[in-house]
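Shown next: model_32.cif, containing mmCIF, C-alpha atoms.
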data_model
#
loop_
_atom_site.label_atom_id
_atom_site.label_comp_id
_atom_site.auth_asym_id
_atom_site.auth_seq_id
_atom_site.Cartn_x
_atom_site.Cartn_y
_atom_site.Cartn_z
CA MET A 6 -64.19 -121.68 -160.59
CA LYS A 7 -64.94 -121.55 -156.86
CA GLN A 8 -67.10 -118.83 -155.38
CA ARG A 9 -65.24 -116.22 -153.36
CA LEU A 10 -65.65 -116.38 -149.58
CA THR A 11 -64.18 -113.94 -147.06
CA ILE A 12 -63.84 -114.97 -143.42
CA VAL A 13 -63.10 -112.13 -141.00
CA LYS A 14 -62.07 -112.79 -137.43
CA VAL A 15 -62.49 -109.74 -135.20
CA GLY A 16 -61.11 -109.51 -131.68
CA GLY A 17 -62.97 -108.61 -128.54
CA ALA A 18 -61.33 -105.20 -128.18
CA VAL A 19 -62.86 -104.10 -131.49
CA VAL A 20 -66.22 -105.66 -130.69
CA GLU A 21 -66.38 -103.65 -127.46
CA ASP A 22 -65.49 -100.31 -129.08
CA ASP A 23 -68.70 -98.96 -130.60
CA ALA A 24 -67.04 -96.70 -133.16
CA GLN A 25 -64.63 -99.40 -134.35
CA LEU A 26 -67.38 -102.00 -134.49
CA THR A 27 -69.68 -99.71 -136.47
CA GLN A 28 -66.98 -99.09 -139.06
CA LEU A 29 -65.95 -102.73 -139.23
CA LEU A 30 -69.49 -104.00 -139.79
CA ALA A 31 -70.09 -101.42 -142.53
CA ASP A 32 -66.83 -102.43 -144.23
CA PHE A 33 -67.63 -106.12 -143.75
CA THR A 34 -71.02 -105.89 -145.44
CA ALA A 35 -69.40 -104.01 -148.34
CA ILE A 36 -67.02 -106.89 -149.16
CA ASP A 37 -68.02 -108.63 -152.39
CA GLY A 38 -69.15 -112.24 -152.26
CA ALA A 39 -70.09 -114.58 -149.45
CA LYS A 40 -68.88 -113.80 -145.93
CA VAL A 41 -68.43 -115.32 -142.48
CA LEU A 42 -67.63 -113.35 -139.30
CA VAL A 43 -65.92 -114.98 -136.30
CA HIS A 44 -65.75 -112.83 -133.17
CA GLY A 45 -64.14 -112.79 -129.76
CA GLY A 46 -65.34 -111.06 -126.61
CA GLY A 47 -62.89 -111.87 -123.86
CA ARG A 48 -62.74 -108.41 -122.31
CA ARG A 49 -66.52 -108.27 -122.03
CA ALA A 50 -66.55 -111.72 -120.42
CA THR A 51 -63.94 -110.61 -117.88
CA ALA A 52 -65.99 -107.50 -117.04
CA VAL A 53 -69.25 -109.44 -116.64
CA ALA A 54 -67.51 -112.08 -114.52
CA ALA A 55 -66.18 -109.35 -112.21
CA GLN A 56 -69.68 -107.90 -111.86
CA LEU A 57 -70.87 -111.36 -110.80
CA GLY A 58 -68.01 -111.77 -108.33
CA ILE A 59 -66.27 -114.43 -110.43
CA GLU A 60 -62.49 -114.16 -110.61
CA THR A 61 -60.76 -114.53 -113.99
CA HIS A 62 -57.65 -116.71 -114.22
CA MET A 63 -55.41 -116.63 -117.31
CA VAL A 64 -52.39 -118.75 -118.24
CA GLU A 65 -50.29 -117.46 -121.15
CA GLY A 66 -53.27 -115.54 -122.46
CA ARG A 67 -55.63 -118.51 -122.22
CA ARG A 68 -58.69 -118.32 -119.99
CA ILE A 69 -59.12 -121.00 -117.35
CA THR A 70 -62.76 -121.99 -117.80
CA ASP A 71 -64.33 -123.66 -114.79
CA GLU A 72 -68.08 -124.23 -114.51
CA GLU A 73 -68.82 -120.69 -113.32
CA MET A 74 -66.70 -119.09 -116.04
CA LEU A 75 -68.24 -121.38 -118.66
CA ARG A 76 -71.66 -119.96 -117.78
CA VAL A 77 -70.29 -116.45 -118.18
CA VAL A 78 -68.61 -116.99 -121.55
CA THR A 79 -71.65 -118.85 -122.89
CA MET A 80 -73.90 -115.94 -121.94
CA VAL A 81 -71.49 -113.27 -123.18
CA TYR A 82 -70.11 -114.83 -126.35
CA GLY A 83 -73.15 -116.76 -127.53
CA GLY A 84 -75.69 -114.23 -126.27
CA LEU A 85 -74.76 -110.62 -125.62
CA VAL A 86 -71.92 -110.19 -128.12
CA ASN A 87 -73.16 -112.54 -130.84
CA LYS A 88 -76.73 -111.31 -130.99
CA THR A 89 -75.69 -107.66 -130.79
CA VAL A 90 -73.44 -108.13 -133.83
CA VAL A 91 -76.16 -110.05 -135.67
CA ALA A 92 -78.75 -107.34 -135.00
CA ARG A 93 -76.41 -104.63 -136.23
CA LEU A 94 -75.61 -106.57 -139.40
CA GLN A 95 -79.34 -107.06 -140.02
CA ALA A 96 -79.76 -103.29 -139.72
CA LEU A 97 -77.19 -102.96 -142.53
CA GLY A 98 -79.20 -105.28 -144.74
CA ALA A 99 -77.11 -108.40 -144.19
CA ASN A 100 -78.94 -111.66 -143.58
CA ALA A 101 -76.77 -112.59 -140.60
CA ILE A 102 -77.34 -115.68 -138.50
CA GLY A 103 -75.69 -116.06 -135.10
CA LEU A 104 -74.13 -119.43 -134.32
CA THR A 105 -72.00 -121.25 -131.81
CA GLY A 106 -70.21 -124.44 -132.72
CA ALA A 107 -73.08 -126.38 -131.17
CA ASP A 108 -75.69 -124.92 -133.54
CA ALA A 109 -76.29 -127.43 -136.34
CA GLY A 110 -73.17 -129.15 -135.00
CA ILE A 111 -70.94 -126.92 -137.11
CA ILE A 112 -67.81 -127.13 -134.92
CA ARG A 113 -66.99 -130.00 -132.61
CA SER A 114 -64.08 -129.98 -130.18
CA ASP A 115 -62.28 -132.18 -127.70
CA ARG A 116 -61.88 -130.92 -124.16
CA ARG A 117 -58.26 -129.94 -123.65
CA PRO A 118 -56.51 -132.32 -121.25
CA PRO A 119 -54.49 -130.97 -118.30
CA VAL A 120 -50.91 -130.12 -119.23
CA LYS A 121 -47.75 -130.16 -117.15
CA LYS A 122 -45.69 -126.97 -117.16
CA ASP A 123 -42.77 -126.08 -114.89
CA ASP A 124 -43.60 -128.84 -112.40
CA ALA A 125 -47.23 -127.68 -112.21
CA VAL A 126 -50.32 -129.20 -113.80
CA ILE A 127 -52.57 -126.72 -115.61
CA ASP A 128 -56.20 -127.72 -116.04
CA TYR A 129 -57.85 -125.33 -118.48
CA GLY A 130 -61.29 -126.65 -117.58
CA PHE A 131 -64.00 -126.47 -120.22
CA VAL A 132 -61.71 -125.38 -123.05
CA GLY A 133 -62.03 -127.01 -126.45
CA ASP A 134 -59.51 -127.84 -129.17
CA VAL A 135 -61.24 -128.02 -132.53
CA ARG A 136 -61.61 -131.54 -133.90
CA GLN A 137 -64.00 -131.07 -136.83
CA VAL A 138 -65.78 -128.33 -138.78
CA ASP A 139 -68.91 -129.34 -140.69
CA ALA A 140 -68.12 -127.45 -143.89
CA THR A 141 -71.10 -128.99 -145.70
CA MET A 142 -73.57 -127.55 -143.19
CA LEU A 143 -71.89 -124.16 -143.23
CA ALA A 144 -71.88 -124.17 -147.03
CA ARG A 145 -75.63 -124.86 -147.02
CA LEU A 146 -76.20 -121.77 -144.90
CA ILE A 147 -73.87 -119.63 -147.02
CA ASP A 148 -75.30 -120.86 -150.32
CA GLY A 149 -78.78 -120.22 -148.90
CA GLY A 150 -77.95 -116.53 -148.57
CA MET A 151 -77.05 -116.56 -144.88
CA MET A 152 -74.09 -114.74 -143.33
CA PRO A 153 -72.83 -116.86 -140.40
CA VAL A 154 -71.63 -114.94 -137.33
CA ILE A 155 -69.77 -117.45 -135.18
CA ALA A 156 -69.13 -117.07 -131.44
CA PRO A 157 -66.01 -118.68 -129.88
CA LEU A 158 -67.89 -121.64 -128.39
CA THR A 159 -67.90 -125.24 -129.59
CA HIS A 160 -69.36 -128.52 -128.34
CA ASP A 161 -68.01 -131.99 -127.63
CA GLY A 162 -70.92 -134.05 -128.97
CA GLN A 163 -71.77 -135.16 -125.43
CA GLY A 164 -73.84 -132.16 -124.41
CA HIS A 165 -71.05 -129.88 -123.21
CA ILE A 166 -70.24 -126.38 -124.43
CA LEU A 167 -66.51 -125.62 -124.64
CA ASN A 168 -64.76 -122.25 -124.63
CA THR A 169 -62.60 -122.16 -127.77
CA ASN A 170 -59.99 -119.74 -129.11
CA ALA A 171 -61.56 -117.51 -131.79
CA ASP A 172 -58.40 -117.34 -133.93
CA THR A 173 -58.29 -121.12 -134.03
CA MET A 174 -61.99 -121.33 -134.90
CA ALA A 175 -61.52 -118.87 -137.77
CA SER A 176 -58.50 -120.76 -139.09
CA GLU A 177 -60.15 -124.18 -138.85
CA THR A 178 -63.34 -122.86 -140.46
CA ALA A 179 -61.32 -121.36 -143.32
CA LYS A 180 -59.43 -124.61 -143.85
CA ALA A 181 -62.64 -126.65 -143.96
CA LEU A 182 -64.42 -124.26 -146.32
CA ALA A 183 -61.42 -124.06 -148.69
CA ALA A 184 -62.72 -127.25 -150.31
CA HIS A 185 -65.91 -125.40 -151.26
CA TYR A 186 -64.79 -121.80 -151.86
CA ASP A 187 -61.90 -119.54 -152.81
CA VAL A 188 -61.24 -118.43 -149.23
CA THR A 189 -59.62 -115.26 -147.94
CA LEU A 190 -59.08 -115.23 -144.18
CA ILE A 191 -58.61 -111.87 -142.47
CA PHE A 192 -57.54 -111.49 -138.84
CA ALA A 193 -58.70 -107.98 -137.86
CA PHE A 194 -57.43 -106.36 -134.68
CA GLU A 195 -56.22 -103.01 -133.28
CA LYS A 196 -52.90 -102.77 -135.14
CA PRO A 197 -52.31 -102.23 -138.90
CA GLY A 198 -50.54 -105.59 -139.22
CA VAL A 199 -47.64 -107.51 -137.73
CA LEU A 200 -45.11 -104.90 -136.61
CA ARG A 201 -41.31 -104.97 -136.52
CA ASP A 202 -41.54 -102.46 -133.67
CA ALA A 203 -44.57 -102.79 -131.40
CA ASP A 204 -44.46 -99.04 -130.69
CA ASP A 205 -44.32 -98.00 -134.37
CA ASP A 206 -47.52 -98.55 -136.36
CA THR A 207 -45.68 -97.74 -139.58
CA SER A 208 -43.34 -100.75 -139.17
CA VAL A 209 -45.72 -103.29 -140.74
CA ILE A 210 -44.05 -106.45 -142.05
CA PRO A 211 -45.63 -106.88 -145.52
CA VAL A 212 -45.18 -110.66 -145.93
CA ILE A 213 -44.41 -113.49 -143.52
CA ASP A 214 -43.76 -117.12 -144.45
CA ARG A 215 -42.73 -120.03 -142.24
CA GLN A 216 -39.01 -119.35 -142.56
CA SER A 217 -39.23 -115.65 -141.76
CA PHE A 218 -41.68 -116.33 -138.93
CA GLU A 219 -39.20 -118.65 -137.23
CA ALA A 220 -36.50 -115.97 -137.55
CA TYR A 221 -38.77 -113.25 -136.15
CA ARG A 222 -39.75 -115.52 -133.26
CA ALA A 223 -36.14 -116.38 -132.49
CA ASP A 224 -35.02 -112.75 -132.33
CA GLY A 225 -38.08 -111.60 -130.38
CA THR A 226 -39.59 -109.42 -133.12
CA ILE A 227 -42.77 -111.50 -132.89
CA SER A 228 -43.86 -112.69 -129.45
CA GLY A 229 -46.80 -113.07 -127.09
CA GLY A 230 -50.31 -113.33 -128.47
CA MET A 231 -49.16 -112.75 -132.04
CA LEU A 232 -47.38 -116.13 -132.08
CA PRO A 233 -50.51 -118.35 -132.04
CA LYS A 234 -52.26 -115.97 -134.45
CA ILE A 235 -49.52 -116.43 -137.05
CA GLU A 236 -49.31 -120.16 -136.36
CA ASN A 237 -53.02 -120.42 -137.14
CA ALA A 238 -52.54 -118.34 -140.28
CA LEU A 239 -49.65 -120.48 -141.53
CA ARG A 240 -51.61 -123.67 -140.98
CA ALA A 241 -54.48 -122.17 -142.95
CA VAL A 242 -52.38 -121.37 -146.04
CA ASP A 243 -50.74 -124.79 -145.80
CA ALA A 244 -54.22 -126.35 -145.88
CA GLY A 245 -55.34 -124.55 -149.04
CA VAL A 246 -56.72 -121.21 -147.88
CA ALA A 247 -56.00 -118.89 -150.80
CA ARG A 248 -55.04 -115.78 -148.83
CA VAL A 249 -54.51 -114.88 -145.17
CA VAL A 250 -54.08 -111.29 -144.00
CA ILE A 251 -53.46 -109.83 -140.53
CA THR A 252 -54.59 -106.22 -140.52
CA SER A 253 -56.39 -103.39 -138.77
CA ALA A 254 -60.12 -103.61 -138.16
CA THR A 255 -60.39 -100.43 -140.23
CA ALA A 256 -58.71 -101.99 -143.28
CA ILE A 257 -60.36 -105.34 -143.99
CA ASP A 258 -60.39 -104.99 -147.77
CA GLY A 259 -57.48 -107.43 -147.99
CA GLU A 260 -55.18 -104.81 -149.51
CA HIS A 261 -53.45 -103.72 -146.31
CA GLY A 262 -51.59 -105.32 -143.45
CA THR A 263 -49.40 -108.42 -143.34
CA VAL A 264 -49.93 -111.23 -145.84
CA ILE A 265 -49.18 -114.74 -144.54
CA SER A 266 -47.67 -116.84 -147.30
CA LYS A 267 -46.26 -120.30 -147.91
CA THR A 268 -43.26 -118.65 -149.56
CA THR A 269 -42.03 -115.13 -150.23
CA ASN A 270 -41.14 -115.69 -153.87
#

Please lay out the structure from this file as structure tokens.
Amino acid sequence: MKQRLTIVKVGGAVVEDDAQLTQLLADFTAIDGAKVLVHGGGRRATAVAAQLGIETHMVEGRRITDEEMLRVVTMVYGGLVNKTVVARLQALGANAIGLTGADAGIIRSDRRPPVKKDDAVIDYGFVGDVRQVDATMLARLIDGGMMPVIAPLTHDGQGHILNTNADTMASETAKALAAHYDVTLIFAFEKPGVLRDADDDTSVIPVIDRQSFEAYRADGTISGGMLPKIENALRAVDAGVARVVITSATAIDGEHGTVISKTTN
């Protein structure tokens, strides 16, 4: 029987709210079994960039990462946010270790090529699409009693850091580690789950599978940034992740929120 492993992905909005972060880290350390935390930090990166006089450019929620912005996100994600979270977990008695994808080569990516959209060419710059997760190396750390805390940065194997979507990193990490552990993947954010009505926090959809997701997307119930989050979740369950839940950062016990399923039998 595989050992239980819980992977929690927490968004930047939670990371930057001290009260929410304090509660989340306490709840996270209380989860039974081995654990991995993947975090964002986009709002902090935008704020630091503004302080440095660097303008932020976004396309469909994705950050354009030129050389100047790459320096900012490397400092913020891999430094300020990551090490703050690690220090606070250590204070709670957790043997946390802060990592980017470049550390021990745990996550390698390919730089995203320019894409054509509406007669324009979009160059995302130093943005990475995950190619490979070294599950064996991560398992060594986990089995050695470490609690990996992973920042949304990867590397290309040629000496370059790449800015990489945290939801994707969490999903790809869960998929890779499913061969070693009984994995539960939890996407924790500000809402109690995926909502039928964005303005009604009681309208949580309890279960979503591929068929219902396509219907919700077609009728506009699910849109915007929630679309790639659910796509990542569906790919994870298809690849053998035992359980995927989208829920509030205050309810990461796996018993609340929206369960992403292969089927709704």

With the cut-off set at 8 Å and counting all atoms listed in the file, tabulate each residue of stretch 23-101 of chain A with an atom at most that distance from an atom of stretch 146-158 of chain A, showing the nearest atom pair and its distance in Å to one decimal, ordered by chain and increasing number, as JSON lines.
{"residue": "A:Ala39", "atom": "CA", "partner": "A:Ile147", "partner_atom": "CA", "distance": 6.8}
{"residue": "A:Lys40", "atom": "CA", "partner": "A:Met152", "partner_atom": "CA", "distance": 5.9}
{"residue": "A:Val41", "atom": "CA", "partner": "A:Pro153", "partner_atom": "CA", "distance": 5.1}
{"residue": "A:Leu42", "atom": "CA", "partner": "A:Val154", "partner_atom": "CA", "distance": 4.7}
{"residue": "A:Val43", "atom": "CA", "partner": "A:Ile155", "partner_atom": "CA", "distance": 4.7}
{"residue": "A:His44", "atom": "CA", "partner": "A:Ala156", "partner_atom": "CA", "distance": 5.7}
{"residue": "A:Gly45", "atom": "CA", "partner": "A:Pro157", "partner_atom": "CA", "distance": 6.2}
{"residue": "A:Thr79", "atom": "CA", "partner": "A:Leu158", "partner_atom": "CA", "distance": 7.2}
{"residue": "A:Tyr82", "atom": "CA", "partner": "A:Ala156", "partner_atom": "CA", "distance": 5.6}
{"residue": "A:Gly83", "atom": "CA", "partner": "A:Ala156", "partner_atom": "CA", "distance": 5.6}
{"residue": "A:Asn87", "atom": "CA", "partner": "A:Ala156", "partner_atom": "CA", "distance": 6.1}
{"residue": "A:Val90", "atom": "CA", "partner": "A:Val154", "partner_atom": "CA", "distance": 7.9}
{"residue": "A:Val91", "atom": "CA", "partner": "A:Val154", "partner_atom": "CA", "distance": 6.9}
{"residue": "A:Ala99", "atom": "CA", "partner": "A:Met152", "partner_atom": "CA", "distance": 7.1}
{"residue": "A:Asn100", "atom": "CA", "partner": "A:Met151", "partner_atom": "CA", "distance": 5.4}
{"residue": "A:Ala101", "atom": "CA", "partner": "A:Met152", "partner_atom": "CA", "distance": 4.4}

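Of the listed residues (A:Val135, A:Val250, A:Ala203, A:Ala256), A:Val135 comes nearest to A:Ala171; the distances count only C-alpha atoms.
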
Checklist line | Selected residue of minimal separation from A:Arg222 among A:Gly46, A:Gln28, A:Arg240, A:Ile235, counting all atoms listed in the file | finding: A:Ile235

Note to self: I want to know what sits within 12 Å of stretch 50-63 of chain A, based on only C-alpha atoms, with residues of the same chain fewer than 2 positions away left out; could you give that as a PyMOL selection string?
What the structure shows: chain A and resi 17-18+20-21+45-48+65-86+127-130+157+168

Next item on the list: Using all atoms listed in the file, collect all residues at a distance of at most 6 Å from (-57.3, -111.7, -141.4) as written in the file, then present them as a list in words.
Entry: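 Residues with an atom at most 6 Å from (-57.3, -111.7, -141.4): Val13, Leu190, Ile191, Phe192, Ala193, Val249, Val250 and Ile251 of chain A.
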
Notebook entry, point to check: Got a sec to resolve the PyMOL selection byres ((chain A and resi 182) around 10) on this structure and send the residues as a list of chain:residue names?
Noted result: A:Leu10, A:Ile12, A:Val138, A:Asp139, A:Ala140, A:Thr141, A:Leu143, A:Ala144, A:Ser176, A:Glu177, A:Thr178, A:Ala179, A:Lys180, A:Ala181, A:Ala183, A:Ala184, A:His185, A:Tyr186, A:Asp187, A:Val188, A:Gly245, A:Val246

With C-alpha atoms retained, export the selected residues as a PDB file, in the coordinates of the input.
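And here's again14.pdb as it stands now:
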ATOM      1  CA  LEU A  10     -65.650-116.380-149.580  1.00  0.00           C
ATOM      2  CA  ILE A  12     -63.840-114.970-143.420  1.00  0.00           C
ATOM      3  CA  VAL A 138     -65.780-128.330-138.780  1.00  0.00           C
ATOM      4  CA  ASP A 139     -68.910-129.340-140.690  1.00  0.00           C
ATOM      5  CA  ALA A 140     -68.120-127.450-143.890  1.00  0.00           C
ATOM      6  CA  THR A 141     -71.100-128.990-145.700  1.00  0.00           C
ATOM      7  CA  LEU A 143     -71.890-124.160-143.230  1.00  0.00           C
ATOM      8  CA  ALA A 144     -71.880-124.170-147.030  1.00  0.00           C
ATOM      9  CA  SER A 176     -58.500-120.760-139.090  1.00  0.00           C
ATOM     10  CA  GLU A 177     -60.150-124.180-138.850  1.00  0.00           C
ATOM     11  CA  THR A 178     -63.340-122.860-140.460  1.00  0.00           C
ATOM     12  CA  ALA A 179     -61.320-121.360-143.320  1.00  0.00           C
ATOM     13  CA  LYS A 180     -59.430-124.610-143.850  1.00  0.00           C
ATOM     14  CA  ALA A 181     -62.640-126.650-143.960  1.00  0.00           C
ATOM     15  CA  ALA A 183     -61.420-124.060-148.690  1.00  0.00           C
ATOM     16  CA  ALA A 184     -62.720-127.250-150.310  1.00  0.00           C
ATOM     17  CA  HIS A 185     -65.910-125.400-151.260  1.00  0.00           C
ATOM     18  CA  TYR A 186     -64.790-121.800-151.860  1.00  0.00           C
ATOM     19  CA  ASP A 187     -61.900-119.540-152.810  1.00  0.00           C
ATOM     20  CA  VAL A 188     -61.240-118.430-149.230  1.00  0.00           C
ATOM     21  CA  GLY A 245     -55.340-124.550-149.040  1.00  0.00           C
ATOM     22  CA  VAL A 246     -56.720-121.210-147.880  1.00  0.00           C
TER      23      VAL A 246
END

Checklist line | Contacts of A:Arg201 at 7 Å (only C-alpha atoms; same-chain gap of 4+ positions) as a PyMOL selection string | finding: chain A and resi 208-210+226

Next item on the list: Calculate how many Å separate atom CA of A:Arg248 from atom CA of A:Val264, rounding to one decimal.
Entry: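 That distance, rounded to one decimal, is 7.5 Å.
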
Notebook entry, point to check: Which residues match the PyMOL selection byres ((chain A and resi 167) around 6) in the file above, as a list of chain:residue names?
Noted result: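 Taken over the shown coordinates, the PyMOL selection byres ((chain A and resi 167) around 6) returns A:Phe131, A:Val132, A:Gly133, A:Leu158, A:Thr159, A:His160, A:Ile166, A:Asn168.
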
Checklist line | Separation of atom CA of A:Pro211 from atom CA of A:Gly198, in Å and rounded to one decimal | finding: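 Taking atom CA of A:Pro211 as the start and atom CA of A:Gly198 as the end point, the length is 8.1 Å.
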
Next item on the list: Enter the distance from atom CA of A:Gly98 to atom CA of A:Ala35, in Å, rounded to one decimal.
Entry: 10.5 Å

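Across A:Ala107, A:Ala96, A:Ile36, A:Leu239, the tightest approach to A:His165 is made by A:Ala107 when counting only C-alpha atoms.
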
Check: Closest to A:Ala109 among A:Lys7, A:Arg49, A:Ala92, A:Arg145, using all atoms listed in the file?
Finding: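 Nearest candidate to A:Ala109 out of A:Lys7, A:Arg49, A:Ala92, A:Arg145: A:Arg145.
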